[in-house]
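S.K.: What follows is final-v2.pdb; its format and atoms are PDB, C-alpha atoms, pLDDT in the B column.
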MODEL        1
ATOM      1  CA  MET C 208      59.570 -73.049 -81.889  1.00 57.00           C
ATOM      2  CA  HIS C 209      61.680 -69.948 -82.503  1.00 57.00           C
ATOM      3  CA  HIS C 210      60.422 -66.696 -80.942  1.00 57.00           C
ATOM      4  CA  LEU C 211      63.144 -64.275 -81.903  1.00 59.00           C
ATOM      5  CA  ASP C 212      64.003 -60.797 -83.036  1.00 67.00           C
ATOM      6  CA  PHE C 213      63.682 -60.624 -86.818  1.00 65.00           C
ATOM      7  CA  ALA C 214      66.945 -58.710 -87.033  1.00 63.00           C
ATOM      8  CA  THR C 215      68.853 -61.687 -85.629  1.00 63.00           C
ATOM      9  CA  TYR C 216      67.702 -63.750 -88.613  1.00 61.00           C
ATOM     10  CA  PHE C 217      68.176 -61.220 -91.351  1.00 58.00           C
ATOM     11  CA  THR C 218      71.266 -59.086 -91.661  1.00 59.00           C
ATOM     12  CA  PRO C 219      73.017 -58.125 -94.903  1.00 50.00           C
ATOM     13  CA  ASP C 220      75.723 -60.712 -94.278  1.00 51.00           C
ATOM     14  CA  GLN C 221      73.535 -63.577 -93.046  1.00 61.00           C
ATOM     15  CA  PRO C 222      70.352 -63.846 -95.163  1.00 76.00           C
ATOM     16  CA  GLN C 223      70.838 -67.620 -95.329  1.00 85.00           C
ATOM     17  CA  ARG C 224      69.564 -67.919 -91.755  1.00 86.00           C
ATOM     18  CA  LEU C 225      66.169 -66.594 -92.833  1.00 88.00           C
ATOM     19  CA  ARG C 226      66.044 -68.930 -95.829  1.00 93.00           C
ATOM     20  CA  GLU C 227      66.716 -71.850 -93.508  1.00 92.00           C
ATOM     21  CA  LEU C 228      63.811 -70.852 -91.275  1.00 92.00           C
ATOM     22  CA  TYR C 229      61.436 -70.843 -94.252  1.00 96.00           C
ATOM     23  CA  SER C 230      62.828 -73.871 -96.060  1.00 96.00           C
ATOM     24  CA  TYR C 231      60.410 -76.466 -97.451  1.00 97.00           C
ATOM     25  CA  PRO C 232      60.534 -80.064 -96.187  1.00 94.00           C
ATOM     26  CA  GLU C 233      63.136 -82.164 -97.971  1.00 93.00           C
ATOM     27  CA  ASN C 234      62.402 -85.110-100.293  1.00 91.00           C
ATOM     28  CA  LEU C 235      58.781 -84.143-100.940  1.00 92.00           C
ATOM     29  CA  GLN C 236      56.668 -87.007-102.280  1.00 89.00           C
ATOM     30  CA  HIS C 237      53.596 -84.804-102.776  1.00 93.00           C
ATOM     31  CA  PRO C 238      53.052 -81.071-103.365  1.00 97.00           C
ATOM     32  CA  TRP C 239      53.478 -78.933-100.256  1.00 97.00           C
ATOM     33  CA  VAL C 240      51.000 -76.038-100.137  1.00 98.00           C
ATOM     34  CA  ARG C 241      52.338 -72.976 -98.335  1.00 98.00           C
ATOM     35  CA  VAL C 242      50.071 -69.920 -98.064  1.00 98.00           C
ATOM     36  CA  ASN C 243      51.395 -66.419 -97.419  1.00 98.00           C
ATOM     37  CA  PHE C 244      49.348 -63.404 -96.294  1.00 96.00           C
ATOM     38  CA  VAL C 245      49.684 -60.083 -94.539  1.00 95.00           C
ATOM     39  CA  SER C 246      47.013 -58.835 -92.147  1.00 96.00           C
ATOM     40  CA  SER C 247      46.521 -55.847 -89.871  1.00 96.00           C
ATOM     41  CA  ILE C 248      46.265 -56.251 -86.093  1.00 95.00           C
ATOM     42  CA  ASP C 249      42.476 -55.993 -86.360  1.00 94.00           C
ATOM     43  CA  GLY C 250      42.324 -58.625 -89.107  1.00 92.00           C
ATOM     44  CA  ALA C 251      42.067 -56.549 -92.274  1.00 93.00           C
ATOM     45  CA  VAL C 252      43.536 -58.176 -95.373  1.00 92.00           C
ATOM     46  CA  SER C 253      43.901 -54.906 -97.277  1.00 89.00           C
ATOM     47  CA  VAL C 254      43.786 -51.121 -97.162  1.00 89.00           C
ATOM     48  CA  SER C 255      41.496 -49.570 -99.777  1.00 82.00           C
ATOM     49  CA  GLY C 256      41.378 -52.913-101.564  1.00 80.00           C
ATOM     50  CA  LEU C 257      45.135 -53.488-101.799  1.00 77.00           C
ATOM     51  CA  SER C 258      47.463 -55.469 -99.553  1.00 82.00           C
ATOM     52  CA  GLY C 259      50.356 -53.072-100.230  1.00 80.00           C
ATOM     53  CA  GLY C 260      49.095 -50.665 -97.571  1.00 90.00           C
ATOM     54  CA  LEU C 261      49.906 -53.278 -94.932  1.00 92.00           C
ATOM     55  CA  GLY C 262      53.469 -53.922 -96.070  1.00 90.00           C
ATOM     56  CA  THR C 263      56.561 -53.373 -93.946  1.00 93.00           C
ATOM     57  CA  PRO C 264      60.273 -53.852 -94.727  1.00 92.00           C
ATOM     58  CA  ALA C 265      60.341 -57.181 -92.862  1.00 92.00           C
ATOM     59  CA  ASP C 266      57.249 -58.392 -94.714  1.00 94.00           C
ATOM     60  CA  LYS C 267      58.863 -57.502 -98.060  1.00 94.00           C
ATOM     61  CA  THR C 268      62.011 -59.409 -97.108  1.00 93.00           C
ATOM     62  CA  VAL C 269      60.017 -62.526 -96.194  1.00 94.00           C
ATOM     63  CA  PHE C 270      57.836 -62.151 -99.304  1.00 96.00           C
ATOM     64  CA  ASP C 271      60.956 -62.187-101.484  1.00 96.00           C
ATOM     65  CA  THR C 272      62.457 -65.079 -99.511  1.00 96.00           C
ATOM     66  CA  LEU C 273      59.337 -67.222 -99.928  1.00 98.00           C
ATOM     67  CA  ARG C 274      59.298 -66.596-103.666  1.00 98.00           C
ATOM     68  CA  GLU C 275      62.943 -67.525-103.912  1.00 98.00           C
ATOM     69  CA  LEU C 276      62.332 -70.870-102.200  1.00 98.00           C
ATOM     70  CA  CYS C 277      59.233 -72.022-104.115  1.00 98.00           C
ATOM     71  CA  ASP C 278      58.748 -73.868-107.386  1.00 98.00           C
ATOM     72  CA  VAL C 279      55.579 -71.999-108.349  1.00 98.00           C
ATOM     73  CA  VAL C 280      53.564 -69.001-107.138  1.00 98.00           C
ATOM     74  CA  VAL C 281      49.798 -69.621-107.163  1.00 98.00           C
ATOM     75  CA  VAL C 282      47.312 -66.756-107.171  1.00 98.00           C
ATOM     76  CA  GLY C 283      43.620 -66.343-107.892  1.00 97.00           C
ATOM     77  CA  ALA C 284      42.546 -64.338-110.924  1.00 96.00           C
ATOM     78  CA  GLY C 285      40.793 -61.682-108.827  1.00 95.00           C
ATOM     79  CA  THR C 286      43.913 -61.000-106.786  1.00 94.00           C
ATOM     80  CA  ALA C 287      46.069 -60.999-109.920  1.00 96.00           C
ATOM     81  CA  ARG C 288      43.831 -58.290-111.388  1.00 95.00           C
ATOM     82  CA  ALA C 289      43.468 -56.232-108.189  1.00 91.00           C
ATOM     83  CA  GLU C 290      47.186 -56.289-107.411  1.00 92.00           C
ATOM     84  CA  ASN C 291      48.255 -55.887-111.069  1.00 94.00           C
ATOM     85  CA  TYR C 292      50.417 -58.990-110.956  1.00 97.00           C
ATOM     86  CA  GLY C 293      53.457 -59.359-113.154  1.00 97.00           C
ATOM     87  CA  GLY C 294      55.940 -62.190-113.181  1.00 97.00           C
ATOM     88  CA  ALA C 295      58.146 -63.020-110.211  1.00 98.00           C
ATOM     89  CA  VAL C 296      61.340 -60.975-110.053  1.00 97.00           C
ATOM     90  CA  MET C 297      64.631 -62.547-108.969  1.00 97.00           C
ATOM     91  CA  ASN C 298      67.953 -60.749-108.745  1.00 96.00           C
ATOM     92  CA  ASP C 299      71.121 -62.434-110.007  1.00 97.00           C
ATOM     93  CA  ASP C 300      72.099 -63.787-106.577  1.00 95.00           C
ATOM     94  CA  ALA C 301      68.645 -65.272-105.994  1.00 97.00           C
ATOM     95  CA  ARG C 302      68.676 -66.871-109.442  1.00 98.00           C
ATOM     96  CA  ALA C 303      72.074 -68.393-108.749  1.00 97.00           C
ATOM     97  CA  ARG C 304      70.943 -69.793-105.400  1.00 97.00           C
ATOM     98  CA  ARG C 305      67.826 -71.268-106.998  1.00 98.00           C
ATOM     99  CA  VAL C 306      69.797 -72.951-109.763  1.00 98.00           C
ATOM    100  CA  ALA C 307      72.296 -74.313-107.228  1.00 97.00           C
ATOM    101  CA  SER C 308      69.335 -75.811-105.322  1.00 96.00           C
ATOM    102  CA  GLY C 309      67.954 -77.493-108.445  1.00 96.00           C
ATOM    103  CA  LEU C 310      65.182 -74.955-109.068  1.00 97.00           C
ATOM    104  CA  ALA C 311      64.415 -72.967-112.197  1.00 98.00           C
ATOM    105  CA  PRO C 312      66.000 -69.484-112.181  1.00 98.00           C
ATOM    106  CA  VAL C 313      62.577 -67.821-111.789  1.00 98.00           C
ATOM    107  CA  PRO C 314      59.353 -69.422-110.487  1.00 98.00           C
ATOM    108  CA  PRO C 315      56.341 -69.173-112.803  1.00 98.00           C
ATOM    109  CA  ILE C 316      53.059 -67.608-111.711  1.00 98.00           C
ATOM    110  CA  LEU C 317      50.129 -70.037-111.819  1.00 98.00           C
ATOM    111  CA  VAL C 318      46.814 -68.197-112.052  1.00 98.00           C
ATOM    112  CA  VAL C 319      43.588 -69.940-111.069  1.00 98.00           C
ATOM    113  CA  SER C 320      40.645 -68.755-113.171  1.00 96.00           C
ATOM    114  CA  SER C 321      37.692 -71.063-113.695  1.00 96.00           C
ATOM    115  CA  ARG C 322      36.351 -68.931-116.557  1.00 96.00           C
ATOM    116  CA  ALA C 323      39.732 -67.989-118.070  1.00 95.00           C
ATOM    117  CA  SER C 324      39.020 -64.340-117.251  1.00 94.00           C
ATOM    118  CA  ILE C 325      42.573 -63.077-117.648  1.00 95.00           C
ATOM    119  CA  ASP C 326      43.690 -60.228-119.904  1.00 95.00           C
ATOM    120  CA  PRO C 327      46.305 -61.563-122.367  1.00 95.00           C
ATOM    121  CA  GLU C 328      47.817 -58.055-122.424  1.00 96.00           C
ATOM    122  CA  SER C 329      48.242 -57.851-118.642  1.00 96.00           C
ATOM    123  CA  ARG C 330      51.587 -57.670-116.840  1.00 97.00           C
ATOM    124  CA  LEU C 331      51.425 -61.434-116.331  1.00 97.00           C
ATOM    125  CA  PHE C 332      52.360 -61.687-120.001  1.00 96.00           C
ATOM    126  CA  CYS C 333      54.218 -58.469-120.834  1.00 95.00           C
ATOM    127  CA  ASP C 334      56.220 -58.086-117.622  1.00 96.00           C
ATOM    128  CA  ALA C 335      57.407 -61.595-116.808  1.00 96.00           C
ATOM    129  CA  ALA C 336      60.659 -63.487-117.226  1.00 96.00           C
ATOM    130  CA  VAL C 337      58.742 -66.747-117.735  1.00 97.00           C
ATOM    131  CA  PRO C 338      55.239 -67.277-119.187  1.00 96.00           C
ATOM    132  CA  PRO C 339      52.384 -67.770-116.727  1.00 98.00           C
ATOM    133  CA  ILE C 340      50.615 -71.055-116.123  1.00 98.00           C
ATOM    134  CA  LEU C 341      46.826 -70.804-116.236  1.00 98.00           C
ATOM    135  CA  LEU C 342      44.527 -73.328-114.587  1.00 98.00           C
ATOM    136  CA  VAL C 343      41.005 -72.929-115.954  1.00 97.00           C
ATOM    137  CA  GLY C 344      37.713 -74.777-115.568  1.00 97.00           C
ATOM    138  CA  SER C 345      36.765 -77.673-117.803  1.00 96.00           C
ATOM    139  CA  ASP C 346      34.093 -75.576-119.549  1.00 95.00           C
ATOM    140  CA  ALA C 347      36.041 -72.295-119.793  1.00 96.00           C
ATOM    141  CA  ASP C 348      35.360 -70.442-123.031  1.00 95.00           C
ATOM    142  CA  ALA C 349      37.446 -71.987-125.811  1.00 96.00           C
ATOM    143  CA  ALA C 350      38.069 -68.643-127.539  1.00 96.00           C
ATOM    144  CA  ALA C 351      39.330 -67.054-124.315  1.00 96.00           C
ATOM    145  CA  VAL C 352      41.584 -70.036-123.653  1.00 96.00           C
ATOM    146  CA  SER C 353      42.933 -69.853-127.199  1.00 97.00           C
ATOM    147  CA  ARG C 354      43.787 -66.141-126.824  1.00 97.00           C
ATOM    148  CA  LEU C 355      45.646 -66.824-123.592  1.00 97.00           C
ATOM    149  CA  SER C 356      47.513 -69.741-125.124  1.00 97.00           C
ATOM    150  CA  ASP C 357      48.453 -67.612-128.140  1.00 97.00           C
ATOM    151  CA  ALA C 358      49.791 -64.969-125.732  1.00 96.00           C
ATOM    152  CA  GLY C 359      52.197 -67.576-124.339  1.00 96.00           C
ATOM    153  CA  ALA C 360      50.372 -69.063-121.354  1.00 97.00           C
ATOM    154  CA  ASP C 361      50.715 -72.733-120.492  1.00 97.00           C
ATOM    155  CA  VAL C 362      47.005 -73.531-120.086  1.00 97.00           C
ATOM    156  CA  HIS C 363      45.711 -76.492-118.083  1.00 97.00           C
ATOM    157  CA  ARG C 364      42.074 -77.470-117.484  1.00 97.00           C
ATOM    158  CA  SER C 365      40.590 -78.753-114.269  1.00 96.00           C
ATOM    159  CA  VAL C 366      38.532 -81.920-114.030  1.00 93.00           C
ATOM    160  CA  GLY C 367      35.302 -79.993-113.390  1.00 94.00           C
ATOM    161  CA  ALA C 368      33.870 -76.560-114.118  1.00 94.00           C
ATOM    162  CA  ALA C 369      35.260 -75.197-110.849  1.00 94.00           C
ATOM    163  CA  VAL C 370      38.977 -75.369-110.111  1.00 96.00           C
ATOM    164  CA  ARG C 371      39.550 -77.333-106.925  1.00 96.00           C
ATOM    165  CA  SER C 372      42.626 -77.692-104.729  1.00 97.00           C
ATOM    166  CA  VAL C 373      43.292 -81.161-106.142  1.00 97.00           C
ATOM    167  CA  ASP C 374      43.478 -79.608-109.623  1.00 98.00           C
ATOM    168  CA  ILE C 375      46.159 -77.203-108.422  1.00 98.00           C
ATOM    169  CA  GLU C 376      48.142 -80.023-106.855  1.00 97.00           C
ATOM    170  CA  ASN C 377      47.744 -82.315-109.875  1.00 97.00           C
ATOM    171  CA  THR C 378      48.913 -79.559-112.219  1.00 98.00           C
ATOM    172  CA  ALA C 379      51.892 -78.824-109.971  1.00 98.00           C
ATOM    173  CA  SER C 380      52.755 -82.525-109.870  1.00 97.00           C
ATOM    174  CA  THR C 381      52.468 -82.878-113.642  1.00 97.00           C
ATOM    175  CA  LEU C 382      54.849 -79.959-114.106  1.00 98.00           C
ATOM    176  CA  ASN C 383      57.190 -81.166-111.321  1.00 97.00           C
ATOM    177  CA  LEU C 384      56.572 -78.056-109.204  1.00 98.00           C
ATOM    178  CA  PRO C 385      55.972 -79.477-105.712  1.00 98.00           C
ATOM    179  CA  ARG C 386      56.916 -76.417-103.618  1.00 98.00           C
ATOM    180  CA  ILE C 387      53.732 -74.369-103.923  1.00 98.00           C
ATOM    181  CA  LEU C 388      53.460 -70.806-102.628  1.00 98.00           C
ATOM    182  CA  CYS C 389      49.889 -69.479-102.651  1.00 98.00           C
ATOM    183  CA  GLU C 390      49.575 -65.702-102.352  1.00 97.00           C
ATOM    184  CA  GLY C 391      45.777 -65.526-102.223  1.00 89.00           C
ATOM    185  CA  GLY C 392      43.321 -64.138-102.406  1.00 91.00           C
ATOM    186  CA  PRO C 393      40.973 -64.925 -99.528  1.00 95.00           C
ATOM    187  CA  SER C 394      38.560 -66.998-101.628  1.00 95.00           C
ATOM    188  CA  LEU C 395      41.347 -69.211-102.955  1.00 97.00           C
ATOM    189  CA  PHE C 396      42.759 -69.608 -99.444  1.00 97.00           C
ATOM    190  CA  GLY C 397      39.280 -70.468 -98.196  1.00 96.00           C
ATOM    191  CA  GLN C 398      38.942 -73.087-100.928  1.00 96.00           C
ATOM    192  CA  LEU C 399      42.246 -74.642 -99.880  1.00 96.00           C
ATOM    193  CA  ILE C 400      41.048 -74.785 -96.264  1.00 95.00           C
ATOM    194  CA  THR C 401      37.719 -76.312 -97.295  1.00 95.00           C
ATOM    195  CA  ASP C 402      39.560 -78.924 -99.356  1.00 95.00           C
ATOM    196  CA  ASN C 403      41.878 -79.702 -96.428  1.00 94.00           C
ATOM    197  CA  ALA C 404      44.837 -78.798 -98.642  1.00 96.00           C
ATOM    198  CA  VAL C 405      46.855 -76.314 -96.547  1.00 97.00           C
ATOM    199  CA  ASP C 406      50.160 -77.609 -95.203  1.00 97.00           C
ATOM    200  CA  GLU C 407      51.496 -74.310 -93.909  1.00 97.00           C
ATOM    201  CA  LEU C 408      50.572 -70.664 -93.382  1.00 98.00           C
ATOM    202  CA  CYS C 409      53.060 -67.814 -93.236  1.00 98.00           C
ATOM    203  CA  VAL C 410      51.351 -64.687 -91.966  1.00 97.00           C
ATOM    204  CA  THR C 411      52.681 -61.204 -91.321  1.00 96.00           C
ATOM    205  CA  THR C 412      50.832 -59.097 -88.765  1.00 96.00           C
ATOM    206  CA  SER C 413      51.266 -55.485 -89.785  1.00 96.00           C
ATOM    207  CA  PRO C 414      51.569 -53.149 -86.760  1.00 96.00           C
ATOM    208  CA  GLN C 415      48.513 -51.014 -87.483  1.00 95.00           C
ATOM    209  CA  LEU C 416      44.761 -50.855 -87.025  1.00 95.00           C
ATOM    210  CA  VAL C 417      42.767 -50.407 -90.225  1.00 93.00           C
ATOM    211  CA  GLY C 418      39.032 -50.602 -89.550  1.00 91.00           C
ATOM    212  CA  GLY C 419      36.845 -50.154 -92.611  1.00 88.00           C
ATOM    213  CA  ASN C 420      35.119 -53.057 -94.346  1.00 88.00           C
ATOM    214  CA  ALA C 421      38.135 -55.051 -95.522  1.00 86.00           C
ATOM    215  CA  GLY C 422      37.710 -58.816 -95.348  1.00 89.00           C
ATOM    216  CA  ARG C 423      39.836 -61.400 -93.567  1.00 92.00           C
ATOM    217  CA  ILE C 424      42.595 -63.499 -95.145  1.00 93.00           C
ATOM    218  CA  SER C 425      40.342 -66.525 -95.789  1.00 94.00           C
ATOM    219  CA  LEU C 426      36.758 -66.743 -96.996  1.00 91.00           C
ATOM    220  CA  SER C 427      34.696 -69.892 -97.574  1.00 91.00           C
ATOM    221  CA  ALA C 428      31.121 -71.116 -97.406  1.00 87.00           C
ATOM    222  CA  GLN C 429      31.843 -73.574 -94.628  1.00 86.00           C
ATOM    223  CA  SER C 430      34.249 -73.970 -91.745  1.00 86.00           C
ATOM    224  CA  LEU C 431      36.897 -76.660 -91.422  1.00 85.00           C
ATOM    225  CA  PRO C 432      38.961 -76.197 -88.254  1.00 88.00           C
ATOM    226  CA  THR C 433      42.522 -77.293 -89.004  1.00 90.00           C
ATOM    227  CA  PRO C 434      44.897 -77.584 -86.013  1.00 92.00           C
ATOM    228  CA  MET C 435      48.212 -75.821 -86.665  1.00 95.00           C
ATOM    229  CA  MET C 436      51.396 -75.407 -84.655  1.00 95.00           C
ATOM    230  CA  PRO C 437      53.774 -72.423 -84.762  1.00 94.00           C
ATOM    231  CA  ALA C 438      57.133 -73.255 -86.336  1.00 94.00           C
ATOM    232  CA  HIS C 439      58.492 -69.799 -85.532  1.00 93.00           C
ATOM    233  CA  ILE C 440      57.425 -66.306 -84.532  1.00 92.00           C
ATOM    234  CA  LEU C 441      59.697 -63.384 -85.390  1.00 91.00           C
ATOM    235  CA  THR C 442      59.280 -59.760 -84.352  1.00 91.00           C
ATOM    236  CA  ASP C 443      60.833 -56.719 -85.955  1.00 90.00           C
ATOM    237  CA  SER C 444      61.709 -53.444 -84.236  1.00 88.00           C
ATOM    238  CA  ASP C 445      58.798 -51.636 -85.938  1.00 91.00           C
ATOM    239  CA  GLY C 446      56.273 -54.047 -84.387  1.00 92.00           C
ATOM    240  CA  THR C 447      55.866 -56.382 -87.379  1.00 94.00           C
ATOM    241  CA  VAL C 448      55.188 -59.985 -86.361  1.00 94.00           C
ATOM    242  CA  LEU C 449      56.119 -62.780 -88.779  1.00 94.00           C
ATOM    243  CA  SER C 450      54.804 -66.227 -87.957  1.00 95.00           C
ATOM    244  CA  ARG C 451      54.922 -69.608 -89.670  1.00 96.00           C
ATOM    245  CA  TRP C 452      52.261 -72.193 -88.866  1.00 97.00           C
ATOM    246  CA  VAL C 453      52.437 -75.870 -89.887  1.00 96.00           C
ATOM    247  CA  ARG C 454      49.786 -78.579 -89.719  1.00 93.00           C
ATOM    248  CA  GLN C 455      49.913 -80.686 -86.582  1.00 85.00           C
ATOM    249  CA  ARG C 456      49.470 -83.872 -88.616  1.00 76.00           C
ATOM    250  CA  PRO C 457      50.629 -84.441 -92.198  1.00 69.00           C
ATOM    251  CA  ARG C 458      47.723 -84.646 -94.617  1.00 69.00           C
ATOM    252  CA  HIS C 459      49.407 -87.010 -97.071  1.00 67.00           C
TER     253      HIS C 459
ENDMDL
END
Would you put the structure from the file into structure tokens?
M.R.:
Amino acid sequence: MHHLDFATYFTPDQPQRLRELYSYPENLQHPWVRVNFVSSIDGAVSVSGLSGGLGTPADKTVFDTLRELCDVVVVGAGTARAENYGGAVMNDDARARRVASGLAPVPPILVVSSRASIDPESRLFCDAAVPPILLVGSDADAAAVSRLSDAGADVHRSVGAAVRSVDIENTASTLNLPRILCEGGPSLFGQLITDNAVDELCVTTSPQLVGGNAGRISLSAQSLPTPMMPAHILTDSDGTVLSRWVRQRPRH
């Protein structure tokens, strides 16, 4: 395990060291589900309903690095609405590195919405380099699905009315997008835990106390303790802690 100063792994002339720390396993035979969250010291997942209030420069750097390394960014519809999601943004250097690694220049955003409750005029459609992928329930309203498809979305339906973790993985496999980066929200993360589908958690601890009534990073109806081991823990000079946790035993 690495327990190091963040600055030693990210300098303007050596960003590759940070990408190596967060690299996905090689030769994946199944989708690898990585989850990324930021939390306050006292466990709050947001400030006034938004995660942006917890952000730090180191967290932003890791956020961008994780997006650069993934095949697809997965997010729940509620988080997409609350955070006003647009498409992933890659600069020219990041695009070139992705292409050199065999990835698409920009990862698509896959939105999970059982009822297809996404605005076809949202930033997901009008502010994105690539169209979004939508994973909706088997009985999602046909008219709503049609509007989203007409707006450019690549729409996929789950096996049942509720979208499960296996539906996310099956869709990713069908589209050859095995390196999954889930950015929340808490209910989607909780579903992944319940379904025993989390391979890895990257979590930033923001150096502040928040209080209030903000929830935690995962929320589910039942508990499923999943043993994890730290792959690395980095600390920045402002107090930010960046940790990466991997399952003790492979699930596949």
S.K.: Name all residues at most 8 Å from Cys277 of chain C (count all atoms listed in the file; drop same-chain ones fewer than 6 positions away) and give them as a list in words.
M.R.: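 These residues fall inside the cut-off: Pro314, Arg386, Ile387 and Leu388 of chain C.
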S.K.: Please provide the set of residues having any atom within 10 Å of Ser329 of chain C, restricted to only C-alpha atoms, with same-chain residues fewer than 2 positions apart removed, written as a PyMOL selection string.
M.R.: chain C and resi 287-288+291-293+325-327+331-334
S.K.: Can you list what the PyMOL selection byres ((chain C and resi 339) around 12) grabs from this structure, as a VMD selection string?
M.R.: chain C and resid 279 to 282 284 287 292 to 295 313 to 319 325 to 327 329 to 338 340 to 342 355 to 356 358 to 363
S.K.: For a test of reading the model, state the distance in Å between atom CA of Pro222 of chain C and atom CA of Pro385 of chain C, rounded to one decimal.
M.R.: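 Interatomic distance here is 23.7 Å.
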S.K.: With distances taken over only C-alpha atoms, which residue among C:Arg226, C:Arg354, C:Arg371, C:Arg241 lies nearest Val410 of chain C?
M.R.: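 Residue with the minimum atom-to-atom distance to Val410 of chain C: C:Arg241.
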S.K.: Contacts of Arg454 of chain C at 9 Å or less, counting only C-alpha atoms, minus same-chain residues fewer than 5 places along, as a PyMOL selection string?
M.R.: chain C and resi 405-408+433-437
S.K.: Figure out the distance between atom CA of Ala404 of chain C and atom CA of Ala428 of chain C, please, to one decimal in Å.
M.R.: 15.8 Å
S.K.: Please, what distance in Å, to one decimal, runs between atom CA of Val269 of chain C and atom CA of Pro238 of chain C?
M.R.: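 Straight-line distance from atom CA of Val269 of chain C to atom CA of Pro238 of chain C works out to 21.1 Å.
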S.K.: Give the answer as one residue: which of C:Ile400, C:Leu276, C:Ala323, C:Leu382 has the shortest atom-to-atom distance to Tyr231 of chain C, using all atoms listed in the file?
M.R.: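 Of C:Ile400, C:Leu276, C:Ala323, C:Leu382, the one nearest Tyr231 of chain C, counting all atoms listed in the file, is C:Leu276.
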S.K.: Name the closest residue to Asp271 of chain C among the candidates C:Ser353, C:Asn420, C:Asn243, C:Gln398; distances are taken between atoms, counting all atoms listed in the file.
M.R.: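 Smallest separation from Asp271 of chain C among the options: C:Asn243.
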S.K.: Where does the PyMOL selection byres ((chain C and resi 250) around 9) land in this file, that is, which residues does it pick, as a CSV table (one decimal) with C-alpha atoms, keeping the file's coordinate frame?
M.R.:
chain,number,residue,atom,x,y,z
C,246,SER,CA,47.0,-58.8,-92.1
C,247,SER,CA,46.5,-55.8,-89.9
C,248,ILE,CA,46.3,-56.3,-86.1
C,249,ASP,CA,42.5,-56.0,-86.4
C,251,ALA,CA,42.1,-56.5,-92.3
C,252,VAL,CA,43.5,-58.2,-95.4
C,412,THR,CA,50.8,-59.1,-88.8
C,416,LEU,CA,44.8,-50.9,-87.0
C,417,VAL,CA,42.8,-50.4,-90.2
C,418,GLY,CA,39.0,-50.6,-89.6
C,421,ALA,CA,38.1,-55.1,-95.5
C,422,GLY,CA,37.7,-58.8,-95.3
C,423,ARG,CA,39.8,-61.4,-93.6
C,424,ILE,CA,42.6,-63.5,-95.1
S.K.: For the structure shown, which residues end up in the PyMOL selection byres ((chain C and resi 451) around 6)? Put them as a PyMOL selection string, please?
M.R.: chain C and resi 408-409+437-439+450+452
S.K.: From the set C:Thr381, C:Ser345, C:Ser444, C:Gln415, which residue has the shortest atom-to-atom contact distance to Leu261 of chain C, counting all atoms listed in the file?
M.R.: C:Gln415
S.K.: Under the rule that all atoms listed in the file are counted, which of C:Gly262, C:Gly367, C:Pro414, C:Gly392 is the nearest residue to Gly446 of chain C?
M.R.: C:Pro414
S.K.: Start from the incomplete input, build N, CA and C atoms for segment 331-343 of chain C, and deliver everything as a PDB file, keeping the file's coordinate frame.
M.R.:
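As written to disk, rebuild.pdb reads:
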ATOM      1  N   LEU C 331      51.076 -60.015-116.436  1.00 97.00           N
ATOM      2  CA  LEU C 331      51.425 -61.434-116.331  1.00 97.00           C
ATOM      3  C   LEU C 331      52.115 -61.924-117.597  1.00 97.00           C
ATOM      4  N   PHE C 332      51.789 -61.289-118.716  1.00 96.00           N
ATOM      5  CA  PHE C 332      52.360 -61.687-120.001  1.00 96.00           C
ATOM      6  C   PHE C 332      53.471 -60.740-120.460  1.00 96.00           C
ATOM      7  N   CYS C 333      53.275 -59.437-120.270  1.00 95.00           N
ATOM      8  CA  CYS C 333      54.218 -58.469-120.834  1.00 95.00           C
ATOM      9  C   CYS C 333      55.327 -58.066-119.865  1.00 95.00           C
ATOM     10  N   ASP C 334      55.209 -58.454-118.610  1.00 96.00           N
ATOM     11  CA  ASP C 334      56.220 -58.086-117.622  1.00 96.00           C
ATOM     12  C   ASP C 334      56.586 -59.317-116.798  1.00 96.00           C
ATOM     13  N   ALA C 335      57.084 -60.337-117.474  1.00 96.00           N
ATOM     14  CA  ALA C 335      57.407 -61.595-116.808  1.00 96.00           C
ATOM     15  C   ALA C 335      58.589 -62.260-117.494  1.00 96.00           C
ATOM     16  N   ALA C 336      59.494 -62.790-116.672  1.00 96.00           N
ATOM     17  CA  ALA C 336      60.659 -63.487-117.226  1.00 96.00           C
ATOM     18  C   ALA C 336      60.285 -64.849-117.790  1.00 96.00           C
ATOM     19  N   VAL C 337      59.227 -65.458-117.242  1.00 97.00           N
ATOM     20  CA  VAL C 337      58.742 -66.747-117.735  1.00 97.00           C
ATOM     21  C   VAL C 337      57.237 -66.643-117.946  1.00 97.00           C
ATOM     22  N   PRO C 338      56.678 -67.354-118.927  1.00 96.00           N
ATOM     23  CA  PRO C 338      55.239 -67.277-119.187  1.00 96.00           C
ATOM     24  C   PRO C 338      54.433 -67.799-118.004  1.00 96.00           C
ATOM     25  N   PRO C 339      53.225 -67.277-117.823  1.00 98.00           N
ATOM     26  CA  PRO C 339      52.384 -67.770-116.727  1.00 98.00           C
ATOM     27  C   PRO C 339      51.784 -69.132-117.053  1.00 98.00           C
ATOM     28  N   ILE C 340      51.401 -69.836-116.005  1.00 98.00           N
ATOM     29  CA  ILE C 340      50.615 -71.055-116.123  1.00 98.00           C
ATOM     30  C   ILE C 340      49.187 -70.686-115.746  1.00 98.00           C
ATOM     31  N   LEU C 341      48.222 -71.087-116.542  1.00 98.00           N
ATOM     32  CA  LEU C 341      46.826 -70.804-116.236  1.00 98.00           C
ATOM     33  C   LEU C 341      46.083 -72.107-115.999  1.00 98.00           C
ATOM     34  N   LEU C 342      45.357 -72.170-114.903  1.00 98.00           N
ATOM     35  CA  LEU C 342      44.527 -73.328-114.587  1.00 98.00           C
ATOM     36  C   LEU C 342      43.077 -72.878-114.674  1.00 98.00           C
ATOM     37  N   VAL C 343      42.369 -73.378-115.674  1.00 97.00           N
ATOM     38  CA  VAL C 343      41.005 -72.929-115.954  1.00 97.00           C
ATOM     39  C   VAL C 343      40.035 -74.092-115.790  1.00 97.00           C
TER      40      VAL C 343
END
